[in-house]
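For reference, run.cif is printed below; it contains mmCIF, C-alpha atoms.
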```cif
data_start
loop_
_atom_site.label_atom_id
_atom_site.label_comp_id
_atom_site.auth_asym_id
_atom_site.auth_seq_id
_atom_site.Cartn_x
_atom_site.Cartn_y
_atom_site.Cartn_z
CA VAL A 25 94.92 -124.87 -71.52
CA THR A 26 96.78 -123.71 -68.46
CA ALA A 27 100.45 -123.73 -69.13
CA VAL A 28 102.71 -124.56 -66.24
CA ALA A 29 104.16 -121.15 -65.64
CA VAL A 30 107.49 -120.66 -63.96
CA ARG A 31 106.76 -117.86 -61.57
CA THR A 32 109.95 -116.09 -60.73
CA ILE A 33 109.96 -113.81 -57.73
CA ARG A 34 109.92 -110.16 -58.77
CA VAL A 35 112.62 -108.15 -57.08
CA PHE A 36 112.95 -104.57 -55.81
CA GLY A 37 112.73 -102.11 -58.68
CA ASP A 38 110.17 -104.11 -60.63
CA PRO A 39 107.24 -101.77 -61.36
CA VAL A 40 104.66 -104.45 -60.52
CA LEU A 41 105.73 -104.13 -56.88
CA ARG A 42 104.79 -100.44 -56.79
CA GLU A 43 101.40 -100.61 -58.41
CA PRO A 44 98.23 -101.15 -56.36
CA ALA A 45 96.83 -104.53 -57.34
CA ALA A 46 93.36 -104.87 -58.90
CA PRO A 47 90.51 -106.71 -57.16
CA VAL A 48 89.76 -110.27 -58.23
CA THR A 49 86.37 -109.84 -59.89
CA GLY A 50 85.69 -113.38 -61.08
CA VAL A 51 87.29 -116.77 -60.62
CA ASP A 52 88.53 -118.30 -63.85
CA ASP A 53 91.30 -120.77 -64.68
CA GLY A 54 93.82 -117.95 -64.45
CA VAL A 55 92.87 -117.11 -60.88
CA ARG A 56 92.81 -120.80 -59.93
CA ALA A 57 96.31 -121.19 -61.39
CA LEU A 58 97.44 -118.10 -59.53
CA VAL A 59 96.25 -119.53 -56.21
CA ARG A 60 97.93 -122.86 -56.97
CA ASP A 61 101.19 -121.09 -57.73
CA LEU A 62 100.95 -118.85 -54.67
CA LEU A 63 100.46 -121.91 -52.46
CA GLU A 64 103.23 -123.90 -54.13
CA THR A 65 105.68 -121.02 -54.02
CA VAL A 66 105.03 -120.09 -50.40
CA ALA A 67 105.55 -123.70 -49.28
CA ALA A 68 109.34 -123.47 -49.61
CA PRO A 69 111.19 -123.41 -46.28
CA GLY A 70 111.71 -119.98 -44.77
CA ARG A 71 108.78 -118.40 -46.58
CA ALA A 72 105.95 -116.91 -44.57
CA GLY A 73 103.86 -115.13 -47.17
CA LEU A 74 103.64 -114.30 -50.84
CA ALA A 75 101.53 -111.68 -52.60
CA ALA A 76 100.47 -112.02 -56.25
CA PRO A 77 102.47 -108.97 -57.42
CA GLN A 78 105.61 -110.73 -56.19
CA ILE A 79 105.09 -113.31 -58.92
CA GLY A 80 104.18 -110.64 -61.44
CA VAL A 81 100.38 -110.72 -61.15
CA GLY A 82 98.65 -107.45 -60.28
CA LEU A 83 95.66 -109.04 -58.50
CA ARG A 84 94.63 -108.82 -54.87
CA ALA A 85 95.61 -112.25 -53.58
CA PHE A 86 98.22 -113.63 -51.22
CA SER A 87 99.25 -116.89 -49.61
CA TYR A 88 100.73 -117.55 -46.18
CA ASN A 89 102.72 -120.29 -44.49
CA VAL A 90 103.05 -119.53 -40.80
CA ASP A 91 103.74 -122.16 -38.13
CA GLY A 92 102.43 -124.93 -40.37
CA GLU A 93 99.29 -123.01 -41.25
CA VAL A 94 99.09 -122.63 -45.03
CA GLY A 95 96.38 -120.81 -46.93
CA TYR A 96 95.41 -117.98 -49.26
CA VAL A 97 93.03 -115.04 -49.33
CA LEU A 98 91.46 -113.30 -52.31
CA ASN A 99 90.59 -109.60 -52.02
CA PRO A 100 92.00 -109.42 -48.50
CA ARG A 101 91.40 -106.45 -46.25
CA ILE A 102 92.88 -105.77 -42.84
CA THR A 103 89.75 -105.34 -40.73
CA ALA A 104 91.30 -105.11 -37.26
CA LEU A 105 94.68 -104.32 -35.75
CA SER A 106 95.69 -104.31 -32.11
CA GLU A 107 96.81 -101.04 -30.65
CA GLN A 108 99.68 -102.90 -29.12
CA GLY A 109 102.69 -103.12 -31.42
CA GLN A 110 105.44 -105.63 -31.97
CA ASP A 111 109.07 -105.15 -32.88
CA GLY A 112 111.14 -107.61 -34.81
CA ASP A 113 113.09 -108.12 -37.99
CA GLU A 114 111.16 -108.31 -41.22
CA GLY A 115 112.33 -109.53 -44.59
CA CYS A 116 110.81 -109.88 -48.03
CA LEU A 117 111.33 -112.30 -50.91
CA SER A 118 111.39 -109.27 -53.19
CA VAL A 119 114.16 -107.61 -51.15
CA PRO A 120 116.28 -110.75 -50.83
CA GLY A 121 119.03 -111.20 -48.29
CA LEU A 122 118.08 -108.26 -46.07
CA TRP A 123 116.16 -107.96 -42.83
CA PHE A 124 115.37 -104.83 -40.86
CA PRO A 125 113.53 -104.10 -37.63
CA THR A 126 109.97 -103.19 -38.55
CA ARG A 127 107.24 -102.16 -36.14
CA ARG A 128 103.85 -103.75 -36.78
CA ALA A 129 100.64 -104.28 -34.87
CA ALA A 130 100.97 -107.24 -32.51
CA TRP A 131 97.71 -108.79 -33.72
CA ALA A 132 95.80 -108.48 -36.99
CA ARG A 133 92.65 -109.75 -38.61
CA CYS A 134 92.35 -110.11 -42.36
CA GLU A 135 89.13 -110.83 -44.24
CA GLY A 136 88.53 -111.82 -47.84
CA THR A 137 87.19 -114.72 -49.87
CA ASP A 138 88.27 -118.10 -51.21
CA LEU A 139 87.99 -119.42 -54.79
CA ASP A 140 84.33 -120.36 -54.22
CA GLY A 141 83.41 -116.92 -53.00
CA ASN A 142 83.10 -117.99 -49.35
CA PRO A 143 84.22 -115.51 -46.71
CA VAL A 144 87.64 -116.17 -45.21
CA VAL A 145 88.97 -114.78 -41.96
CA VAL A 146 92.62 -115.15 -40.98
CA GLU A 147 93.85 -113.67 -37.75
CA GLY A 148 96.79 -114.05 -35.49
CA GLU A 149 99.57 -112.47 -33.52
CA GLY A 150 103.34 -112.49 -33.88
CA LEU A 151 104.56 -113.69 -37.26
CA MET A 152 101.03 -114.22 -38.58
CA ALA A 153 100.07 -110.64 -37.75
CA ARG A 154 103.28 -109.40 -39.35
CA CYS A 155 102.65 -111.53 -42.45
CA LEU A 156 99.06 -110.33 -42.93
CA GLN A 157 100.09 -106.67 -42.71
CA HIS A 158 103.10 -107.21 -44.97
CA GLU A 159 101.15 -109.05 -47.69
CA VAL A 160 98.23 -106.62 -47.78
CA ASP A 161 100.78 -103.80 -48.06
CA HIS A 162 102.14 -105.52 -51.19
CA LEU A 163 98.66 -105.33 -52.73
CA ASP A 164 98.71 -101.59 -52.13
CA GLY A 165 102.09 -101.30 -53.86
CA LEU A 166 104.06 -100.95 -50.64
CA LEU A 167 107.22 -102.73 -49.60
CA TYR A 168 108.08 -103.04 -45.93
CA LEU A 169 110.96 -100.64 -46.60
CA SER A 170 108.32 -97.89 -46.62
CA ARG A 171 107.30 -98.84 -43.07
CA LEU A 172 110.73 -98.45 -41.50
CA GLU A 173 111.64 -95.76 -39.00
CA PRO A 174 113.53 -93.00 -40.86
CA ALA A 175 116.95 -93.93 -39.44
CA VAL A 176 116.42 -97.61 -40.19
CA ARG A 177 115.14 -96.77 -43.66
CA ARG A 178 118.30 -94.82 -44.43
CA GLN A 179 120.35 -97.80 -43.31
CA ALA A 180 118.14 -100.11 -45.38
CA MET A 181 118.49 -98.02 -48.52
CA ARG A 182 122.27 -98.04 -48.15
CA ALA A 183 122.15 -101.82 -47.90
CA VAL A 184 119.89 -101.91 -50.96
CA ARG A 185 122.40 -99.73 -52.77
CA ASP A 186 125.15 -102.20 -51.93
CA GLN A 187 123.07 -105.10 -53.17
CA LEU A 188 122.45 -103.33 -56.46
CA GLU A 189 126.11 -102.37 -56.78
CA VAL A 190 127.38 -105.87 -56.21
CA GLY A 191 124.86 -107.21 -58.69
CA ALA A 192 123.00 -109.35 -56.18
CA TRP A 193 119.58 -108.58 -57.67
CA VAL B 5 159.54 -89.98 -60.77
CA SER B 6 158.76 -90.10 -64.43
CA GLY B 7 159.82 -87.08 -66.43
CA SER B 8 157.87 -87.96 -69.51
CA THR B 9 155.43 -85.43 -70.86
CA ASP B 10 152.44 -87.73 -70.59
CA ALA B 11 152.94 -88.24 -66.87
CA GLY B 12 150.26 -86.80 -64.62
CA ALA B 13 146.81 -85.64 -65.42
CA GLY B 14 147.68 -82.66 -67.62
CA GLN B 15 144.43 -81.32 -69.01
CA ARG B 16 142.77 -84.71 -69.04
CA PRO B 17 139.93 -85.65 -66.75
CA VAL B 18 140.93 -88.13 -64.08
CA ALA B 19 138.66 -91.14 -63.59
CA VAL B 20 138.90 -93.48 -60.62
CA LEU B 21 137.50 -96.94 -61.35
CA GLY B 22 137.14 -100.18 -59.49
CA LEU B 23 134.62 -102.53 -58.00
CA MET B 24 132.43 -101.69 -55.04
CA GLY B 25 134.41 -101.15 -51.86
CA ALA B 26 137.68 -100.44 -53.67
CA GLY B 27 137.77 -96.93 -52.22
CA LYS B 28 136.88 -94.88 -55.30
CA THR B 29 135.17 -92.07 -53.43
CA THR B 30 137.98 -91.68 -50.91
CA VAL B 31 140.72 -91.61 -53.55
CA ALA B 32 138.80 -89.38 -55.95
CA SER B 33 138.11 -86.86 -53.16
CA ALA B 34 141.81 -86.70 -52.29
CA LEU B 35 142.75 -86.24 -55.96
CA ALA B 36 140.16 -83.53 -56.52
CA GLU B 37 141.43 -81.62 -53.52
CA ALA B 38 145.09 -82.02 -54.50
CA LEU B 39 144.48 -81.00 -58.11
CA GLY B 40 142.04 -78.24 -57.24
CA ARG B 41 139.41 -79.77 -59.45
CA PRO B 42 135.71 -80.41 -58.95
CA LEU B 43 134.79 -83.91 -57.77
CA ARG B 44 132.07 -85.80 -59.62
CA ASP B 45 130.66 -88.73 -57.67
CA SER B 46 127.50 -90.44 -58.81
CA ASP B 47 125.54 -90.98 -55.59
CA PRO B 48 126.09 -87.54 -54.00
CA ASP B 49 125.52 -85.89 -57.38
CA LEU B 50 122.25 -87.79 -57.79
CA ARG B 51 121.14 -86.55 -54.38
CA ALA B 52 122.09 -83.01 -55.31
CA ALA B 53 120.41 -83.14 -58.73
CA ARG B 54 117.22 -84.98 -57.89
CA GLY B 55 117.03 -85.12 -54.13
CA ILE B 56 116.90 -88.91 -53.98
CA ASP B 57 119.24 -91.72 -53.05
CA ALA B 58 120.42 -94.19 -55.65
CA ALA B 59 118.36 -96.94 -54.05
CA VAL B 60 115.22 -94.81 -54.23
CA LEU B 61 115.81 -94.18 -57.94
CA ALA B 62 116.18 -97.94 -58.42
CA GLU B 63 113.02 -98.56 -56.41
CA GLN B 64 110.97 -96.01 -58.32
CA GLU B 65 112.31 -96.51 -61.82
CA GLY B 66 114.19 -99.79 -61.67
CA PRO B 67 117.86 -100.76 -61.46
CA ASP B 68 118.31 -100.10 -65.21
CA ALA B 69 117.33 -96.47 -64.67
CA LEU B 70 120.00 -96.19 -61.98
CA HIS B 71 122.63 -97.64 -64.29
CA ARG B 72 121.56 -95.24 -67.05
CA TRP B 73 121.92 -92.34 -64.63
CA GLU B 74 125.37 -93.56 -63.66
CA ALA B 75 126.51 -93.86 -67.28
CA GLU B 76 125.12 -90.46 -68.24
CA HIS B 77 126.69 -88.92 -65.15
CA ALA B 78 130.09 -90.37 -66.08
CA LEU B 79 129.82 -89.23 -69.71
CA ALA B 80 128.84 -85.71 -68.67
CA ALA B 81 131.66 -85.55 -66.12
CA LEU B 82 134.27 -86.75 -68.60
CA ALA B 83 133.13 -84.12 -71.11
CA GLU B 84 133.41 -81.21 -68.65
CA ARG B 85 136.05 -78.52 -69.18
CA PRO B 86 137.99 -77.60 -67.21
CA PRO B 87 138.51 -81.27 -66.46
CA VAL B 88 137.20 -82.88 -63.28
CA VAL B 89 137.99 -85.87 -61.11
CA LEU B 90 135.38 -88.60 -61.49
CA ALA B 91 134.63 -91.41 -59.07
CA ALA B 92 132.99 -93.61 -61.68
CA ALA B 93 130.16 -95.92 -60.69
CA ALA B 94 131.32 -99.52 -60.88
CA SER B 95 128.73 -100.35 -63.53
CA CYS B 96 130.09 -97.77 -66.02
CA ILE B 97 132.87 -100.01 -67.21
CA GLU B 98 130.28 -102.29 -68.82
CA VAL B 99 128.91 -99.46 -70.96
CA PRO B 100 130.75 -99.15 -74.33
CA GLU B 101 130.16 -95.37 -74.57
CA CYS B 102 131.75 -94.91 -71.17
CA ARG B 103 134.76 -96.98 -72.11
CA ALA B 104 135.21 -94.86 -75.24
CA ALA B 105 135.05 -91.66 -73.19
CA LEU B 106 137.48 -93.08 -70.63
CA ASP B 107 140.03 -93.48 -73.42
CA LYS B 108 140.60 -89.73 -73.27
CA ALA B 109 140.92 -89.63 -69.49
CA LEU B 110 143.68 -90.58 -67.09
CA VAL B 111 142.17 -93.73 -65.63
CA LEU B 112 143.24 -95.03 -62.23
CA TRP B 113 142.07 -98.54 -61.48
CA LEU B 114 141.78 -99.41 -57.81
CA ASP B 115 142.32 -103.13 -57.99
CA ALA B 116 141.84 -105.50 -55.07
CA PRO B 117 141.23 -109.24 -54.92
CA PRO B 118 137.50 -110.07 -54.91
CA ALA B 119 137.89 -111.77 -51.53
CA VAL B 120 139.18 -108.52 -50.00
CA LEU B 121 136.27 -106.52 -51.42
CA ALA B 122 133.74 -109.12 -50.33
CA GLU B 123 135.17 -109.00 -46.82
CA ARG B 124 134.81 -105.19 -46.69
CA PHE B 125 131.27 -105.52 -47.97
CA VAL B 126 130.21 -108.04 -45.38
CA SER B 127 131.90 -106.38 -42.42
CA GLY B 128 130.33 -102.97 -43.03
CA SER B 129 127.84 -102.31 -40.24
CA HIS B 130 124.93 -101.56 -42.55
CA ARG B 131 125.38 -104.74 -44.53
CA PRO B 132 123.55 -107.38 -42.56
CA ARG B 133 123.39 -111.11 -43.05
CA PHE B 134 124.21 -112.18 -46.51
CA GLY B 135 127.78 -113.29 -46.24
CA GLN B 136 128.53 -116.33 -48.36
CA GLU B 137 126.91 -115.35 -51.61
CA VAL B 138 128.63 -111.96 -51.67
CA ALA B 139 132.06 -113.49 -52.27
CA ALA B 140 130.69 -115.40 -55.26
CA LEU B 141 128.95 -112.30 -56.63
CA VAL B 142 132.03 -110.14 -56.34
CA ALA B 143 134.19 -112.83 -57.93
CA GLU B 144 131.75 -113.13 -60.81
CA GLN B 145 131.70 -109.36 -61.25
CA ASP B 146 135.50 -109.25 -61.10
CA GLY B 147 135.73 -111.89 -63.81
CA ARG B 148 133.46 -109.91 -66.08
CA ARG B 149 134.88 -106.45 -65.45
CA ARG B 150 138.60 -107.16 -65.05
CA PRO B 151 139.32 -107.49 -68.81
CA LEU B 152 137.41 -104.25 -69.44
CA LEU B 153 139.26 -102.43 -66.67
CA GLU B 154 142.56 -103.70 -68.09
CA GLN B 155 141.58 -102.16 -71.44
CA VAL B 156 140.91 -98.65 -70.16
CA ALA B 157 143.22 -98.31 -67.13
CA ASP B 158 146.34 -96.16 -67.45
CA VAL B 159 147.45 -96.95 -63.90
CA ARG B 160 146.58 -99.94 -61.75
CA LEU B 161 146.84 -99.41 -58.00
CA ASP B 162 146.75 -102.09 -55.35
CA ALA B 163 143.62 -101.13 -53.44
CA SER B 164 144.13 -103.84 -50.83
CA ALA B 165 147.02 -101.78 -49.41
CA ALA B 166 146.53 -99.41 -46.48
CA ALA B 167 144.40 -96.37 -47.30
CA ASP B 168 147.33 -93.94 -46.87
CA GLU B 169 149.47 -95.90 -49.31
CA VAL B 170 146.69 -96.08 -51.89
CA ARG B 171 146.16 -92.35 -51.55
CA ALA B 172 149.87 -91.60 -51.94
CA ALA B 173 150.15 -93.85 -54.97
CA ALA B 174 147.13 -92.20 -56.55
CA LEU B 175 148.54 -88.70 -55.95
CA ALA B 176 151.81 -89.77 -57.54
CA ALA B 177 150.00 -91.22 -60.53
CA VAL B 178 148.30 -87.91 -61.32
CA GLY B 179 151.45 -85.89 -60.66
CA ALA B 180 149.99 -84.23 -57.58
CA ASP B 181 152.81 -85.39 -55.32
CA ARG B 182 155.31 -82.95 -56.75
#
```

What is this structure when it is put down as structure tokens?
Amino acid sequence: VTAVAVRTIRVFGDPVLREPAAPVTGVDDGVRALVRDLLETVAAPGRAGLAAPQIGVGLRAFSYNVDGEVGYVLNPRITALSEQGQDGDEGCLSVPGLWFPTRRAAWARCEGTDLDGNPVVVEGEGLMARCLQHEVDHLDGLLYLSRLEPAVRRQAMRAVRDQLEVGAW
Amino acid sequence: VSGSTDAGAGQRPVAVLGLMGAGKTTVASALAEALGRPLRDSDPDLRAARGIDAAVLAEQEGPDALHRWEAEHALAALAERPPVVLAAAASCIEVPECRAALDKALVLWLDAPPAVLAERFVSGSHRPRFGQEVAALVAEQDGRRRPLLEQVADVRLDASAAADEVRAAALAAVGADR
């Protein structure tokens, strides 16, 4: 029996966000439910991507919702990045209410599998490239805050401090 | 000017309390300087003790660990002799042990309407893009903490006044204006 789980978004400071996620080694009902929840949760407006640790599951899986393109990848790996970079604000459901300029590769390719074990390739530029890099970072226990330029990171951590102080999270 | 014997700080620690943005650090620094006492302030003291920012502690060990640090910091500061001036972290007021320790201190409460604090919060340059909900959060926090602050405060100062006035009122309250 698969219970309908309410998957709350884990927020900054939750240990599950700092731990490298484990590979998906077999597809069972739990993994199928995880994918369903990742897809349902990422469908909300304003969401571009969601990694399993963000809903409390330490498995290598994420979903994306970029320009109408919705999908998921199990055991994703970034297999190619452009040398050219992009600048732009990045945010994270687990660091709610904040956005900071974050440099990423302009284009990225991500490879993994689907629930049937078939190979999956997702690639793109702009927001898709940013999303792929951001979500795979989550699976390595990294928040985008770790990717910020030192001066921006200091500013970000002050903003985080304020959020904690005001009880926002 | 009050001539009573319990006016001023005497040998008591001085604790400055209030919600975020009330100006605790600014006032506590001025008091420490005027009284010639050490200043204890949670965030700088955390950096000095462990080399990390408060947000990094929360990231690595969780927000509860940060609040524990803040409470332990306040308790240690209030127990120090000779007495110090403490800028108490806003969360301390919700910790019963801290309230008990504050009973023996001269407690200055920097009080400002939640709307004023929320406005300061939002207009700070490093506080991007989350305006509306902040006012509600601060109001909720104010509702929860105000009765506790009323319990422990010896002096309530209007922290929505100009910084100079707040400072002068605080100095008078600890007897450092004489």

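Close contacts of range 93-109 of chain B, defined as residues with an atom at most 8 Å away when counting all atoms listed in the file, with chain neighbours fewer than 6 positions off set aside, comprise A:Glu189, B:Arg16, B:Pro17, B:Val18, B:Ala19, B:Leu21, B:Gly22, B:Leu23, B:Met24, B:Asp45, B:Ser46, B:His71, B:Glu74, B:Ala75, B:Ala78, B:Leu79, B:Leu82, B:Arg149, B:Leu152, B:Leu153, B:Val156.
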
Just the selected residues (C-alpha atoms), exported as an mmCIF file, in the coordinates of the input, please.
```cif
data_model
loop_
_atom_site.group_PDB
_atom_site.id
_atom_site.type_symbol
_atom_site.label_atom_id
_atom_site.label_comp_id
_atom_site.auth_asym_id
_atom_site.auth_seq_id
_atom_site.Cartn_x
_atom_site.Cartn_y
_atom_site.Cartn_z
ATOM 1 C CA GLU A 189 126.110 -102.370 -56.780
ATOM 2 C CA ARG B 16 142.770 -84.710 -69.040
ATOM 3 C CA PRO B 17 139.930 -85.650 -66.750
ATOM 4 C CA VAL B 18 140.930 -88.130 -64.080
ATOM 5 C CA ALA B 19 138.660 -91.140 -63.590
ATOM 6 C CA LEU B 21 137.500 -96.940 -61.350
ATOM 7 C CA GLY B 22 137.140 -100.180 -59.490
ATOM 8 C CA LEU B 23 134.620 -102.530 -58.000
ATOM 9 C CA MET B 24 132.430 -101.690 -55.040
ATOM 10 C CA ASP B 45 130.660 -88.730 -57.670
ATOM 11 C CA SER B 46 127.500 -90.440 -58.810
ATOM 12 C CA HIS B 71 122.630 -97.640 -64.290
ATOM 13 C CA GLU B 74 125.370 -93.560 -63.660
ATOM 14 C CA ALA B 75 126.510 -93.860 -67.280
ATOM 15 C CA ALA B 78 130.090 -90.370 -66.080
ATOM 16 C CA LEU B 79 129.820 -89.230 -69.710
ATOM 17 C CA LEU B 82 134.270 -86.750 -68.600
ATOM 18 C CA ARG B 149 134.880 -106.450 -65.450
ATOM 19 C CA LEU B 152 137.410 -104.250 -69.440
ATOM 20 C CA LEU B 153 139.260 -102.430 -66.670
ATOM 21 C CA VAL B 156 140.910 -98.650 -70.160
#
```

- Task: Pick out the chain A residues within 8 Å of chain B. Count all atoms listed in the file. Give them as number ranges by chain.
- Result: A: 36-39, 42, 121-123, 179-186, 188-192

- Task: In Å, rounded to a single decimal, give me how far CA of Thr49 in chain A is from CA of Arg128 in chain A.
- Result: 29.6 Å

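When you apply the PyMOL selection byres ((chain A and resi 100) around 6) to this structure, what comes back is Val97, Leu98, Asn99, Arg101, Glu135 and Gly136 of chain A.
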
Output file for the residues above (C-alpha atoms, as a PDB file, keeping the file's coordinate frame):
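That gives us selection_36.pdb:
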```
ATOM      1  CA  VAL A  97      93.030-115.040 -49.330  1.00  0.00           C
ATOM      2  CA  LEU A  98      91.460-113.300 -52.310  1.00  0.00           C
ATOM      3  CA  ASN A  99      90.590-109.600 -52.020  1.00  0.00           C
ATOM      4  CA  ARG A 101      91.400-106.450 -46.250  1.00  0.00           C
ATOM      5  CA  GLU A 135      89.130-110.830 -44.240  1.00  0.00           C
ATOM      6  CA  GLY A 136      88.530-111.820 -47.840  1.00  0.00           C
TER       7      GLY A 136
END
```

- Message: Running the PyMOL selection byres ((chain B and resi 44) around 8) on this model by hand, what would come out? Give it as JSON, numbers by chain.
- Response: {"B": [42, 43, 45, 46, 49, 81, 88, 89, 90, 91]}

Residue selection dump (C-alpha atoms) as a compact mmCIF listing (two decimals), in the frame of the given file:
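Okay, part.txt is ready:
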```txt
# COMPACT_ATOMS: atom_id res chain seq x y z
CA PRO B 42 135.71 -80.41 -58.95
CA LEU B 43 134.79 -83.91 -57.77
CA ASP B 45 130.66 -88.73 -57.67
CA SER B 46 127.50 -90.44 -58.81
CA ASP B 49 125.52 -85.89 -57.38
CA ALA B 81 131.66 -85.55 -66.12
CA VAL B 88 137.20 -82.88 -63.28
CA VAL B 89 137.99 -85.87 -61.11
CA LEU B 90 135.38 -88.60 -61.49
CA ALA B 91 134.63 -91.41 -59.07
```

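The interatomic distance for the pair CA of Leu167 in chain A and CA of Pro143 in chain A works out to 26.5 Å.
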
- Item | Residue neighbourhood range 106-119 of chain A, 6 Å, only C-alpha atoms, exclusion window fewer than 6 positions, as a PyMOL selection string | chain A and resi 34-36+125-131

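For the atom pair formed by CA of Cys134 in chain A and CA of Val146 in chain A, the distance is 5.2 Å, given to one decimal.
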
- Message: With distances taken over all atoms listed in the file, which residue among B:Gln15, B:Ile56, B:Leu112, B:Gly147 lies nearest Leu35 in chain B?
- Response: B:Leu112
